[in-house]
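Worksheet: one structure, shown below.
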Amino acid sequence: MNATVTRTPLIAGNWKMNFDHLQAIAFVQKLAWGLKDAKHDFSDAEVAVFPPFTDLRSVQTLLAADRLSLSLGAQDVSQHQSGAFTGDISAAMLTKLDVQYVIVGHSERRHGHGESNDVVAAKAAAISQTGMVPVICVGETAADLEEHGAAAVPVAQLRAALATLPAGSPFVVAYEPVWAIGSGQAATPEQAQSVAQALRETIIEVSGEDAAATTRVLYGGSVTSENIAAFMRQSDVDGALVGGASLKVDEFQRIIRFRQHVGA
């Protein structure tokens with residue numbers, strides 16, 4: 001790997017099923033004002049928010065009208081282009097809302113909605129084909145960890161998702177150990193680095209050295225302003241997919257401004 005390659009960190013806030021569109025507007029305004037006051041440099045750390053579907057139009061309008069530098073993401077997408085799929089949202093619909101990123105394969109979708117590796121791969125392909133960037137979530141349960149070790153399941157999940165992506169399509173990988181999500185017990189920075197390194201080695205095998213050098217690998221799972229700096233010191237961790245802490249504007253700002261306390 002080329003150690004001189006610099007990847008712009010990405011701090012992404014997954015709101016999950018929280019905030020109606022009015023709350024979303026208020027939150028984004030506060031977040032943008034706070035980052036402006038702190039003179040945050042978005043070229044130093046990209047910031048993305050992932051609201052529920054019902055909030056996307058409102059947030060998009062605010063970002064465009066006020067020329068805010070936040071990136072917009074969606075939490076899910078259908079693998080289908082159109083048709084009789086009640087309640088589903090297509091990738092083409094999201095592109096019309098200037099969505100840049102879409103989460104696929106989150107453990108809450110894999111386990112709560114029975115989404116297989118094949119479904120996740122189809123969704124990732126649908127996202128890439130419309131020019132958006134899939135954020136491919138991978139991670140192991142506590143049982144997986146005990147039976148297979150930390151990297152085996154995430155690597156297999158990533159390999160399946162990459163198999164369907166058009167050649168050269170950009171993507172982001174988010175390593176989220178299922179046992180850490182919402183538990184208050186994050187992985188150690190060393191654990192995150194070990195799996196992130198294995199994931200990057202998988203990208204080399206499947207997509208090549210250039211893709212591996214430029215693809216950002218995020219950590220997610222009980223991320224806070226107190227532990228973000230330690231994660232960001234790891235050579236293969238390029239940001240965070242933040243859940244609960246992204247709903248608290250002051251805490252999310254502190255996570256975004258991790259360089260203030262990274263100490264390295």
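By convention here, the chains of the structure tokens are called A, B, ... in the order presented, each chain's residues are numbered starting at 1, and ligands are numbered starting at 1 in the order presented.
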If we count only C-alpha atoms and set the cut-off at 10 Å, which residues sit around Thr8 of chain A, ignoring sequence neighbours fewer than 3 positions away in its own chain? Please answer as a tab-separated table (two decimals) with C-alpha atoms, in the first residue's frame.
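Done, and the output landed in selection29.tsv:
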```tsv
chain	number	residue	atom	x	y	z
A	5	VAL	CA	-2.04	8.55	0.03
A	11	ILE	CA	-17.78	11.75	9.69
A	42	PHE	CA	-14.75	20.63	5.36
A	43	SER	CA	-11.78	19.76	3.16
A	44	ASP	CA	-10.09	18.53	6.33
A	45	ALA	CA	-13.05	16.37	7.41
A	46	GLU	CA	-16.16	15.80	5.31
A	214	THR	CA	-8.50	5.88	-2.00
A	215	THR	CA	-11.46	4.07	-0.38
A	216	ARG	CA	-12.40	5.29	3.07
A	238	ASP	CA	-10.72	7.07	7.84
A	239	GLY	CA	-13.75	8.29	9.73
```
Please produce, as a Markdown table, a per-residue contact table for segment 126-202 of chain A versus segment 243-248 of chain A (criterion: any atom at most 12 Å away, only C-alpha atoms considered), showing the nearest atom pair and its distance in Å to one decimal, sorted by chain then residue number.
```
| residue | atom | partner | partner_atom | distance |
| --- | --- | --- | --- | --- |
| A:Glu176 | CA | A:Gly243 | CA | 10.6 |
| A:Ala180 | CA | A:Gly243 | CA | 11.2 |
| A:Ile181 | CA | A:Gly243 | CA | 8.1 |
| A:Gly182 | CA | A:Gly244 | CA | 7.2 |
| A:Ser183 | CA | A:Gly244 | CA | 10.4 |
| A:Gly184 | CA | A:Gly244 | CA | 9.9 |
```
Write to file, as an mmCIF file, in the first residue's frame, the residues of the selection just made, with C-alpha atoms.
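The resulting file, again_18.cif, is shown below:
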```
data_model
loop_
_atom_site.group_PDB
_atom_site.id
_atom_site.type_symbol
_atom_site.label_atom_id
_atom_site.label_comp_id
_atom_site.auth_asym_id
_atom_site.auth_seq_id
_atom_site.Cartn_x
_atom_site.Cartn_y
_atom_site.Cartn_z
ATOM 1 C CA GLU A 176 -19.701 -1.820 12.544
ATOM 2 C CA ALA A 180 -20.872 -2.615 19.746
ATOM 3 C CA ILE A 181 -23.795 -0.807 18.112
ATOM 4 C CA GLY A 182 -25.846 1.039 20.714
ATOM 5 C CA SER A 183 -24.204 -0.933 23.503
ATOM 6 C CA GLY A 184 -22.019 1.824 24.872
#
```
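Between Leu22 of chain A and the candidates A:Ser58, A:Ser207, A:Gln129, A:Gln234, the tightest atom-to-atom separation, counting only C-alpha atoms, involves A:Ser58.
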Taking only C-alpha atoms into account, produce a table as CSV in which each residue of segment 38-96 of chain A with an atom at most 8 Å from an atom of segment 110-128 of chain A appears once, together with its shortest atom pair and the distance in Å to one decimal, ordered by chain and rising number.
```
residue,atom,partner,partner_atom,distance
A:Val77,CA,A:Lys123,CA,6.6
A:Ser78,CA,A:Lys123,CA,6.2
A:Gln79,CA,A:Lys123,CA,4.3
A:His80,CA,A:Ala126,CA,7.5
A:Gln81,CA,A:Ala126,CA,7.8
A:Ala91,CA,A:Ile127,CA,5.7
```
DSSP strand (DSSP E) residues within segment 13-83 of chain A, as a tab-separated table (two decimals) with C-alpha atoms, in the first residue's frame:
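Heads up, here's the output in states.tsv:
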```tsv
chain	number	residue	atom	x	y	z
A	13	GLY	CA	-24.34	10.80	11.14
A	14	ASN	CA	-26.91	8.02	10.75
A	46	GLU	CA	-16.16	15.80	5.31
A	47	VAL	CA	-19.46	15.74	7.18
A	48	ALA	CA	-22.54	13.86	6.01
A	49	VAL	CA	-26.00	13.45	7.54
A	50	PHE	CA	-28.33	10.54	6.81
A	71	SER	CA	-23.13	16.12	2.38
A	72	LEU	CA	-26.51	14.38	2.19
A	73	GLY	CA	-27.06	10.67	2.54
A	74	ALA	CA	-29.98	8.24	2.64
```
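Each of A:Asp210, A:Asp55, A:Asp20, A:Asp41 was checked against Phe258 of chain A using only C-alpha atoms; the smallest atom-to-atom distance is that of A:Asp41.
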* Got a sec: who's within 12 Å of Ile204 of chain A, counting only C-alpha atoms, leaving out chain neighbours fewer than 5 positions off, as a PyMOL selection string? -> chain A and resi 1-2+158-159+162+197-199+209-215
* Name the residues in contact with Val195 of chain A at a cut-off of 9 Å, using only C-alpha atoms, excluding same-chain residues fewer than 4 positions from it; report them as a PyMOL selection string. => chain A and resi 150-152+154-155+175+190-191+199-200+236
Grab the residues selected above and save them as a PDB file, in the first residue's frame with N, CA and C atoms.
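Saved file again19.pdb follows:
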```
ATOM      1  N   ALA A 150     -12.681 -11.837  14.412  1.00  0.00           N
ATOM      2  CA  ALA A 150     -13.243 -10.520  14.122  1.00  0.00           C
ATOM      3  C   ALA A 150     -13.435 -10.227  12.642  1.00  0.00           C
ATOM      4  N   ALA A 151     -12.499 -10.646  11.781  1.00  0.00           N
ATOM      5  CA  ALA A 151     -12.514 -10.157  10.404  1.00  0.00           C
ATOM      6  C   ALA A 151     -13.264 -11.045   9.414  1.00  0.00           C
ATOM      7  N   ALA A 152     -13.480 -12.318   9.740  1.00  0.00           N
ATOM      8  CA  ALA A 152     -13.975 -13.277   8.742  1.00  0.00           C
ATOM      9  C   ALA A 152     -15.331 -12.872   8.158  1.00  0.00           C
ATOM     10  N   PRO A 154     -17.046  -9.823   8.345  1.00  0.00           N
ATOM     11  CA  PRO A 154     -17.005  -8.562   7.595  1.00  0.00           C
ATOM     12  C   PRO A 154     -16.333  -8.684   6.238  1.00  0.00           C
ATOM     13  N   VAL A 155     -15.249  -9.437   6.156  1.00  0.00           N
ATOM     14  CA  VAL A 155     -14.552  -9.619   4.880  1.00  0.00           C
ATOM     15  C   VAL A 155     -15.462 -10.333   3.872  1.00  0.00           C
ATOM     16  N   TYR A 175     -17.164  -0.406   8.959  1.00  0.00           N
ATOM     17  CA  TYR A 175     -17.067  -1.575   9.834  1.00  0.00           C
ATOM     18  C   TYR A 175     -17.814  -1.264  11.119  1.00  0.00           C
ATOM     19  N   GLU A 190      -7.477  -0.744  18.466  1.00  0.00           N
ATOM     20  CA  GLU A 190      -6.668  -1.800  17.867  1.00  0.00           C
ATOM     21  C   GLU A 190      -7.535  -2.824  17.155  1.00  0.00           C
ATOM     22  N   GLN A 191      -8.693  -3.163  17.734  1.00  0.00           N
ATOM     23  CA  GLN A 191      -9.619  -4.068  17.069  1.00  0.00           C
ATOM     24  C   GLN A 191     -10.128  -3.461  15.769  1.00  0.00           C
ATOM     25  N   LEU A 199     -10.087  -5.459   5.740  1.00  0.00           N
ATOM     26  CA  LEU A 199     -11.031  -4.997   4.719  1.00  0.00           C
ATOM     27  C   LEU A 199     -10.291  -4.318   3.568  1.00  0.00           C
ATOM     28  N   ARG A 200      -9.282  -3.532   3.894  1.00  0.00           N
ATOM     29  CA  ARG A 200      -8.526  -2.859   2.833  1.00  0.00           C
ATOM     30  C   ARG A 200      -7.764  -3.883   1.986  1.00  0.00           C
ATOM     31  N   ASP A 236      -5.705   2.743   9.107  1.00  0.00           N
ATOM     32  CA  ASP A 236      -6.709   2.294   8.139  1.00  0.00           C
ATOM     33  C   ASP A 236      -8.132   2.727   8.493  1.00  0.00           C
TER      34      ASP A 236
END
```
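The gap separating atom CA of Ala12 of chain A from atom CA of Leu241 of chain A is 4.8 Å, in Å to one decimal.
Residue nearest Pro170 of chain A within the list A:Val133, A:Leu218, A:Val242, A:Val102: A:Val133 [criterion: smallest interatomic distance, only C-alpha atoms].
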* To do: Record the distance separating atom CA of Tyr219 of chain A and atom CA of Ala174 of chain A, expressed in Å with one decimal.
  => 5.7 Å
* Point out the residue among A:Gln157, A:Gln29, A:Ser225, A:Gln185 with the least atom-to-atom distance to Leu70 of chain A, counting only C-alpha atoms. => A:Gln29
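For the choices A:Tyr101, A:Leu62, A:Val138, A:Gly131, the atom-to-atom distance to Phe27 of chain A is smallest for A:Leu62 when using only C-alpha atoms.
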* Go through A:Gln60, A:Ala229, A:Ala156, A:Gln193 one by one, measure the shortest atom-to-atom distance of each to Arg254 of chain A using only C-alpha atoms, and give the residue with the smallest value. => A:Ala229
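The interatomic distance for the pair atom CA of Trp179 of chain A and atom CA of Val217 of chain A works out to 18.6 Å.
Within segment 175-227 of chain A, the backbone-based DSSP assignment of helix (DSSP H, G or I) covers Pro189, Glu190, Gln191, Ala192, Gln193, Ser194, Val195, Ala196, Gln197, Ala198, Leu199, Arg200, Glu201, Thr202, Ile203, Ile204, Glu205, Val206, Ser207, Glu209, Asp210, Ala211, Ala212, Ala213 and Thr214 of chain A.
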* To do: Please provide the set of residues having any atom within 7 Å of Ile136 of chain A, restricted to only C-alpha atoms, with same-chain residues fewer than 4 positions apart removed, written as a ChimeraX atom specification.
  => /A:103-105,172-174
